[in-house]
>>> print(open('data.txt').read())   # compact mmCIF, C-alpha atoms
# COMPACT_ATOMS: atom_id res chain seq x y z
CA MET A 415 -141.00 49.79 -3.26
CA ASP A 416 -142.48 47.09 -1.05
CA SER A 417 -140.40 46.77 2.11
CA ALA A 418 -140.63 42.98 1.86
CA LEU A 419 -138.85 43.07 -1.49
CA ARG A 420 -135.98 45.04 0.04
CA GLN A 421 -135.34 42.06 2.27
CA LEU A 422 -134.83 39.78 -0.73
CA VAL A 423 -132.21 41.63 -2.76
CA ASP A 424 -128.91 43.25 -1.87
CA PHE A 425 -129.92 46.68 -3.18
CA ALA A 426 -126.81 48.29 -1.70
CA ARG A 427 -124.77 46.26 -4.18
CA TYR A 428 -127.38 46.16 -6.95
CA PRO A 429 -129.48 49.37 -6.70
CA LEU A 430 -132.25 48.38 -9.09
CA ASP A 431 -134.54 50.62 -7.06
CA GLU A 432 -132.53 53.73 -8.04
CA PRO A 433 -132.94 53.89 -11.84
CA ASP A 434 -131.26 57.29 -12.17
CA SER A 435 -128.22 56.53 -10.03
CA GLN A 436 -124.75 56.43 -11.53
CA GLN A 437 -124.09 53.16 -9.69
CA LEU A 438 -126.94 51.46 -11.51
CA GLN A 439 -125.94 52.89 -14.87
CA ASN A 440 -122.40 51.61 -14.32
CA LEU A 441 -123.81 48.18 -13.50
CA VAL A 442 -125.94 48.21 -16.67
CA ALA A 443 -122.88 49.11 -18.73
CA GLU A 444 -120.82 46.31 -17.16
CA CYS A 445 -123.57 43.77 -17.78
CA ARG A 446 -123.99 44.90 -21.39
CA ALA A 447 -120.26 44.48 -21.97
CA ASP A 448 -120.34 40.98 -20.48
CA LEU A 449 -123.31 40.00 -22.66
CA GLU A 450 -121.68 41.35 -25.79
CA GLU A 451 -118.42 39.55 -25.11
CA ARG A 452 -119.63 36.23 -23.68
CA ALA A 453 -123.47 36.16 -23.85
CA LEU A 454 -123.70 35.95 -20.06
CA CYS A 455 -123.56 38.29 -17.09
CA ALA A 456 -123.70 37.12 -13.49
CA LEU A 457 -124.63 39.03 -10.33
CA PRO A 458 -123.27 37.04 -7.35
CA GLY A 459 -124.95 37.55 -4.02
CA PHE A 460 -127.98 39.16 -5.62
CA VAL A 461 -130.34 37.35 -3.25
CA ARG A 462 -129.45 37.30 0.42
CA PRO A 463 -128.32 33.94 1.92
CA GLU A 464 -131.14 33.79 4.46
CA VAL A 465 -133.64 34.37 1.64
CA LEU A 466 -132.26 31.40 -0.30
CA VAL A 467 -133.05 29.14 2.65
CA ARG A 468 -136.66 30.33 2.63
CA MET A 469 -136.93 29.97 -1.15
CA GLU A 470 -135.69 26.40 -0.95
CA ALA A 471 -138.30 25.67 1.72
CA GLU A 472 -140.98 26.96 -0.65
CA ILE A 473 -139.75 24.65 -3.38
CA ALA A 474 -139.62 21.69 -0.98
CA SER A 475 -143.29 22.24 -0.16
CA VAL A 476 -144.31 21.43 -3.76
CA ALA A 477 -141.59 18.88 -4.52
CA GLY A 478 -144.06 16.01 -4.57
CA GLU A 479 -145.95 17.64 -7.44
CA ALA A 480 -142.92 18.21 -9.66
CA TYR A 481 -142.90 16.89 -13.22
CA ARG A 482 -140.26 14.44 -14.31
CA PHE A 483 -138.51 14.94 -17.64
CA ASP A 484 -136.48 11.88 -18.59
CA HIS A 485 -135.72 11.30 -22.26
CA ALA A 486 -133.39 12.40 -25.01
CA ARG A 487 -134.26 15.43 -27.13
CA PRO A 488 -132.67 17.52 -29.88
CA ALA A 489 -131.25 20.99 -29.29
CA TYR A 490 -133.96 22.48 -31.53
CA ASP A 491 -137.74 22.55 -31.45
CA PRO A 492 -139.28 20.22 -34.07
CA ASP A 493 -139.86 21.63 -37.55
CA ASP A 494 -141.34 20.31 -40.79
CA ASN A 495 -138.05 19.71 -42.57
CA GLU A 496 -136.35 16.38 -43.13
CA TRP A 497 -132.75 16.33 -41.89
CA PRO A 498 -130.05 13.67 -42.42
CA PRO A 499 -129.74 11.33 -39.43
CA ASP A 500 -126.24 12.60 -38.65
CA HIS A 501 -127.22 16.28 -38.78
CA PRO A 502 -126.67 18.27 -35.53
CA ARG A 503 -130.21 19.57 -35.75
CA VAL A 504 -131.62 16.11 -35.05
CA ALA A 505 -128.88 14.86 -32.73
CA VAL A 506 -130.47 13.98 -29.37
CA HIS A 507 -129.10 14.68 -25.91
CA ASP A 508 -130.04 13.10 -22.58
CA CYS A 509 -132.25 15.25 -20.35
CA ARG A 510 -133.19 14.16 -16.85
CA TYR A 511 -134.58 16.46 -14.17
CA HIS A 512 -137.66 17.42 -12.22
CA GLN A 513 -139.42 20.65 -13.11
CA ILE A 514 -141.75 22.75 -10.99
CA LEU A 515 -143.97 24.73 -13.34
CA ASN A 516 -145.28 28.26 -13.17
CA HIS A 517 -148.78 27.34 -12.05
CA GLN A 518 -147.38 25.23 -9.19
CA ILE A 519 -145.48 28.14 -7.60
CA SER A 520 -147.52 30.10 -5.09
CA ASN A 521 -148.56 33.64 -5.99
CA ASP A 522 -147.23 34.87 -2.65
CA SER A 523 -143.92 32.99 -2.82
CA LEU A 524 -140.63 34.84 -2.55
CA LEU A 525 -139.68 33.70 -6.06
CA ARG A 526 -142.91 35.12 -7.45
CA GLN A 527 -142.33 38.42 -5.61
CA LEU A 528 -138.91 38.70 -7.18
CA TYR A 529 -140.12 37.82 -10.69
CA LEU A 530 -142.96 40.36 -10.51
CA CYS A 531 -140.63 43.15 -9.43
CA GLU A 532 -140.98 45.87 -12.06
CA CYS A 533 -137.53 47.27 -11.32
CA LEU A 534 -136.04 43.87 -12.16
CA THR A 535 -137.85 43.76 -15.53
CA GLU A 536 -136.70 47.31 -16.26
CA PHE A 537 -133.12 46.44 -15.35
CA VAL A 538 -133.18 43.46 -17.71
CA ARG A 539 -134.60 45.66 -20.46
CA GLN A 540 -131.83 48.22 -20.05
CA VAL A 541 -129.09 45.58 -20.02
CA LEU A 542 -130.46 43.99 -23.19
CA GLY A 543 -130.94 47.39 -24.84
CA TYR A 544 -134.51 46.62 -25.86
CA THR A 545 -137.21 49.24 -26.35
CA THR A 546 -139.71 47.01 -24.57
CA LEU A 547 -139.51 43.91 -22.41
CA PHE A 548 -142.27 41.87 -20.83
CA ARG A 549 -142.48 38.95 -18.47
CA SER A 550 -143.58 35.80 -20.26
CA ALA A 551 -147.31 35.05 -20.15
CA CYS A 552 -146.80 31.29 -20.48
CA PRO A 553 -148.90 29.54 -17.82
CA HIS A 554 -146.45 26.64 -17.74
CA LEU A 555 -142.99 28.14 -18.21
CA ALA A 556 -142.95 31.85 -17.32
CA LEU A 557 -141.48 31.04 -13.90
CA THR A 558 -140.11 27.55 -13.26
CA VAL A 559 -137.65 25.70 -11.06
CA HIS A 560 -135.43 22.94 -12.40
CA VAL A 561 -134.36 20.39 -9.79
CA GLY A 562 -131.59 17.97 -10.62
CA GLY A 563 -130.69 15.02 -8.43
CA PRO A 564 -127.95 12.40 -8.74
CA GLY A 565 -127.53 11.31 -12.37
CA ASP A 566 -129.67 14.15 -13.72
CA CYS A 567 -128.61 16.50 -16.51
CA ASN A 568 -130.02 18.95 -19.05
CA GLY A 569 -128.64 18.25 -22.53
CA TRP A 570 -127.52 20.69 -25.20
CA HIS A 571 -130.23 23.12 -26.30
CA TYR A 572 -131.12 26.66 -27.33
CA ASP A 573 -133.73 28.72 -25.51
CA SER A 574 -136.91 29.73 -27.33
CA ASN A 575 -137.24 33.29 -26.00
CA ASP A 576 -135.08 36.41 -26.12
CA ALA A 577 -133.57 36.27 -22.67
CA VAL A 578 -133.59 34.16 -19.52
CA PHE A 579 -132.75 35.27 -16.02
CA SER A 580 -131.88 32.39 -13.70
CA LEU A 581 -131.36 32.34 -9.95
CA LEU A 582 -129.27 29.47 -8.64
CA LEU A 583 -130.88 28.37 -5.38
CA SER A 584 -128.50 25.52 -4.53
CA GLU A 585 -125.42 23.94 -6.10
CA ALA A 586 -124.67 20.28 -6.62
CA ASP A 587 -121.79 18.84 -4.62
CA SER A 588 -120.33 17.33 -7.78
CA GLY A 589 -121.18 17.68 -11.45
CA GLY A 590 -124.16 19.80 -12.46
CA ASN A 591 -121.94 22.31 -14.22
CA PHE A 592 -123.38 24.89 -16.59
CA GLU A 593 -121.53 24.76 -19.92
CA TYR A 594 -122.09 26.90 -22.99
CA VAL A 595 -120.60 28.32 -26.17
CA PRO A 596 -121.54 31.96 -26.84
CA TYR A 597 -123.17 33.12 -30.04
CA VAL A 598 -122.90 29.94 -32.05
CA ARG A 599 -125.72 31.10 -34.29
CA ASP A 600 -127.43 34.31 -35.30
CA GLY A 601 -130.50 35.26 -37.30
CA HIS A 602 -128.76 34.49 -40.60
CA ASN A 603 -126.57 31.46 -39.93
CA GLU A 604 -127.20 28.38 -37.78
CA ASN A 605 -123.49 27.47 -38.04
CA TYR A 606 -124.16 23.75 -38.05
CA GLU A 607 -120.51 22.81 -38.63
CA ALA A 608 -119.43 24.58 -35.45
CA LEU A 609 -122.35 23.06 -33.56
CA ALA A 610 -121.35 19.55 -34.58
CA ASP A 611 -117.82 20.25 -33.38
CA ILE A 612 -119.13 21.44 -30.00
CA PHE A 613 -121.16 18.26 -29.57
CA ALA A 614 -118.06 16.22 -30.38
CA ARG A 615 -115.53 18.16 -28.26
CA PRO A 616 -117.30 20.02 -25.42
CA GLN A 617 -114.30 19.61 -23.13
CA ASP A 618 -112.26 21.76 -25.54
CA LEU A 619 -114.84 24.29 -26.73
CA ALA A 620 -117.36 24.96 -23.95
CA ALA A 621 -117.01 27.60 -21.24
CA ARG A 622 -117.77 26.57 -17.64
CA PRO A 623 -118.39 29.73 -15.59
CA PRO A 624 -118.34 29.24 -11.81
CA ILE A 625 -121.84 30.19 -10.62
CA ARG A 626 -122.64 30.07 -6.91
CA ALA A 627 -125.96 29.88 -5.07
CA GLY A 628 -127.59 33.30 -4.79
CA THR A 629 -126.28 34.42 -8.19
CA LEU A 630 -128.71 35.95 -10.66
CA THR A 631 -127.57 35.29 -14.22
CA LEU A 632 -128.72 36.88 -17.46
CA PHE A 633 -128.05 34.69 -20.46
CA LYS A 634 -128.57 34.97 -24.22
CA GLY A 635 -129.49 31.33 -24.60
CA ASN A 636 -131.41 31.80 -27.84
CA GLU A 637 -128.09 32.24 -29.68
CA SER A 638 -125.73 30.30 -27.40
CA ILE A 639 -125.85 26.52 -27.15
CA HIS A 640 -125.77 25.32 -23.53
CA ARG A 641 -126.30 22.41 -21.15
CA VAL A 642 -125.98 21.27 -17.52
CA THR A 643 -123.68 18.29 -17.05
CA GLU A 644 -124.61 15.14 -15.14
CA ILE A 645 -124.86 15.53 -11.36
CA GLY A 646 -122.71 13.25 -9.22
CA ALA A 647 -124.09 10.04 -7.74
CA ALA A 648 -123.81 11.20 -4.11
CA SER A 649 -124.59 14.87 -4.68
CA LYS A 650 -127.25 17.00 -3.07
CA PRO A 651 -129.79 18.45 -5.55
CA ARG A 652 -129.10 21.38 -7.83
CA ARG A 653 -132.02 23.82 -7.86
CA ILE A 654 -132.34 26.76 -10.24
CA ALA A 655 -135.23 29.15 -10.81
CA VAL A 656 -135.76 30.43 -14.35
CA PHE A 657 -137.47 33.77 -15.08
CA SER A 658 -138.50 34.22 -18.72
CA TYR A 659 -138.93 37.47 -20.65
CA ASP A 660 -139.61 38.53 -24.23
CA ARG A 661 -139.70 41.75 -26.25
CA ALA A 662 -143.31 41.09 -27.24
CA PRO A 663 -146.18 40.96 -24.75
CA ASN A 664 -148.09 37.75 -24.07
CA MET A 665 -145.23 35.50 -25.10
CA VAL A 666 -145.81 31.75 -24.65
CA PHE A 667 -143.40 29.00 -25.53
CA SER A 668 -143.64 27.01 -28.75
CA GLN A 669 -146.37 24.44 -29.15
CA GLY A 670 -143.76 21.73 -29.48
CA TYR A 671 -142.24 22.63 -26.14
CA ILE A 672 -145.65 22.94 -24.52
CA GLU A 673 -146.53 19.44 -25.73
CA GLN A 674 -143.31 18.16 -24.18
CA VAL A 675 -144.27 19.76 -20.88
CA ARG A 676 -147.77 18.31 -21.00
CA SER A 677 -146.33 14.86 -21.57
CA LEU A 678 -144.15 14.99 -18.47
CA GLY A 679 -144.88 12.49 -15.76
CA GLN A 680 -145.71 13.79 -12.32
CA GLY A 681 -144.00 12.23 -9.36
CA VAL A 682 -142.05 12.68 -6.15
CA MET A 683 -138.49 13.91 -6.50
CA THR A 684 -135.83 11.54 -5.19
>>> encode(input="data.txt", output="structure tokens")
Amino acid sequence: MDSALRQLVDFARYPLDEPDSQQLQNLVAECRADLEERALCALPGFVRPEVLVRMEAEIASVAGEAYRFDHARPAYDPDDNEWPPDHPRVAVHDCRYHQILNHQISNDSLLRQLYLCECLTEFVRQVLGYTTLFRSACPHLALTVHVGGPGDCNGWHYDSNDAVFSLLLSEADSGGNFEYVPYVRDGHNENYEALADIFARPQDLAARPPIRAGTLTLFKGNESIHRVTEIGAASKPRRIAVFSYDRAPNMVFSQGYIEQVRSLGQGVMT
């Protein structure tokens, strides 16, 4: 393994570089159990603190080129069906944040090095129990960074791909909480009644796991509705890198989502 990569990750705690070790197999089993029970597993301190500082500096260097997303959207990608106006499928949720896209992140950046690590992809595959797993080939969204400033949020939604790994680079001082409800839907039932209840009573139904900077999180967001709450008015930014994978090679995000990305306005983050 590249010696530079060893400086990024706490391999003593998370020995992804030792695929046959009992320690790694125990970790895989623990993560699988967490995913099965709550659709989420978190690895705190995965990336070393000094590395986070350097990663944030990388992101700051392209901040002026970030894309601004600022409008309401439904939790689902558009389809060709007509839904009643009060249906949860067409309910819209405020989304405000800046997004740094895959093609804007340097090929030699620390984030890119981590995402391209084959042992990380293999670890994700084992945790998910898939026969195959591939990094997304989407030129826009394979590797991204969401940056939320005061007043920003990311409304209720499902993810389009099988699994998302996220690395929290920095926390907001107030607000900016990740909230979700595990396994609301499956391949046979969208469970719209439960979804409508979640939208109406998130304070009663949503989980709010404490996730700290440096934590790598694996999340089954394709089946679990989730959001990031509004960031406080005087807060520092919340920055989170998102690594996307899929069981099929050459995965790109839906055309509807791509069109949303292409319509984003480019501008300096405040």
>>> residues_around(input="data.txt", residues="Asn521 (chain A)", least_positions_apart="6", cutoff="12 Å", atoms="all atoms listed in the file", output="MDAnalysis selection string")
chainID A and resid 472 527:530 557
>>> closest_residue(input="data.txt", among="A:Leu449, A:Tyr481, A:Tyr597, A:Ala627", to="Glu585 (chain A)", atoms="only C-alpha atoms")
A:Ala627
>>> atom_distance(input="data.txt", atom1="CA of Leu466 (chain A)", atom2="CA of Arg652 (chain A)")
12.9 Å
>>> atom_distance(input="data.txt", atom1="CA of His640 (chain A)", atom2="CA of Val595 (chain A)")
6.5 Å
>>> closest_residue(input="data.txt", among="A:Tyr511, A:Phe460, A:Tyr659, A:Trp570", to="Asp484 (chain A)", atoms="all atoms listed in the file")
A:Tyr511
>>> closest_atom_pairs(input="data.txt", of="region 469-568 of chain A", to="region 431-441 of chain A", cutoff="9 Å", atoms="all atoms listed in the file", output="Markdown table")
| residue | atom | partner | partner_atom | distance |
| --- | --- | --- | --- | --- |
| A:Cys533 | CA | A:Asp431 | CA | 6.2 |
| A:Leu534 | CA | A:Asp431 | CA | 8.6 |
| A:Glu536 | CA | A:Pro433 | CA | 8.8 |
| A:Phe537 | CA | A:Pro433 | CA | 8.2 |
| A:Val541 | CA | A:Leu441 | CA | 8.8 |
>>> residues_around(input="data.txt", residues="Arg462 (chain A)", least_positions_apart="3", cutoff="10 Å", atoms="only C-alpha atoms", output="ChimeraX atom specification")
/A:421-424,458-459,465-467,627-629
>>> closest_residue(input="data.txt", among="A:Cys531, A:His571, A:Ser584, A:Asn516", to="Leu430 (chain A)", atoms="all atoms listed in the file")
A:Cys531
>>> closest_residue(input="data.txt", among="A:Ala662, A:Asn495, A:Ser475, A:Thr643", to="Gln617 (chain A)", atoms="all atoms listed in the file")
A:Thr643
>>> closest_residue(input="data.txt", among="A:Tyr594, A:Tyr544, A:Phe425, A:Tyr606", to="Arg661 (chain A)", atoms="all atoms listed in the file")
A:Tyr544
>>> atom_distance(input="data.txt", atom1="CA of Arg539 (chain A)", atom2="CA of Ala443 (chain A)")
12.3 Å
>>> residues_near_point(input="data.txt", point="(-130.9, 26.4, -21.7)", cutoff="9 Å", atoms="only C-alpha atoms", output="ChimeraX atom specification")
/A:568-574,578,594,633,635-636,638-642
>>> write_last_selection(input="data.txt", atoms="C-alpha atoms", output="short mmCIF file (atom, residue, chain, number, x, y, z; two decimals), in the coordinates of the input")
data_model
loop_
_atom_site.label_atom_id
_atom_site.label_comp_id
_atom_site.auth_asym_id
_atom_site.auth_seq_id
_atom_site.Cartn_x
_atom_site.Cartn_y
_atom_site.Cartn_z
CA ASN A 568 -130.02 18.95 -19.05
CA GLY A 569 -128.64 18.25 -22.53
CA TRP A 570 -127.52 20.69 -25.20
CA HIS A 571 -130.23 23.12 -26.30
CA TYR A 572 -131.12 26.66 -27.33
CA ASP A 573 -133.73 28.72 -25.51
CA SER A 574 -136.91 29.73 -27.33
CA VAL A 578 -133.59 34.16 -19.52
CA TYR A 594 -122.09 26.90 -22.99
CA PHE A 633 -128.05 34.69 -20.46
CA GLY A 635 -129.49 31.33 -24.60
CA ASN A 636 -131.41 31.80 -27.84
CA SER A 638 -125.73 30.30 -27.40
CA ILE A 639 -125.85 26.52 -27.15
CA HIS A 640 -125.77 25.32 -23.53
CA ARG A 641 -126.30 22.41 -21.15
CA VAL A 642 -125.98 21.27 -17.52
#
>>> residues_around(input="data.txt", residues="Ser550 (chain A)", least_positions_apart="3", cutoff="8 Å", atoms="only C-alpha atoms", output="CSV table (one decimal) with C-alpha atoms, in the frame of the given file")
chain,number,residue,atom,x,y,z
A,555,LEU,CA,-143.0,28.1,-18.2
A,556,ALA,CA,-143.0,31.8,-17.3
A,658,SER,CA,-138.5,34.2,-18.7
A,659,TYR,CA,-138.9,37.5,-20.6
A,660,ASP,CA,-139.6,38.5,-24.2
A,663,PRO,CA,-146.2,41.0,-24.8
A,664,ASN,CA,-148.1,37.8,-24.1
A,665,MET,CA,-145.2,35.5,-25.1
A,666,VAL,CA,-145.8,31.8,-24.6
>>> residues_near_point(input="data.txt", point="(-136.6, 24.6, -3.0)", cutoff="12 Å", atoms="only C-alpha atoms", output="ChimeraX atom specification")
/A:465-478,480,512-514,519,523-525,558-562,581-585,651-655,683
>>> closest_residue(input="data.txt", among="A:Arg427, A:Arg482, A:Arg487, A:Arg452", to="Glu637 (chain A)", atoms="all atoms listed in the file")
A:Arg452
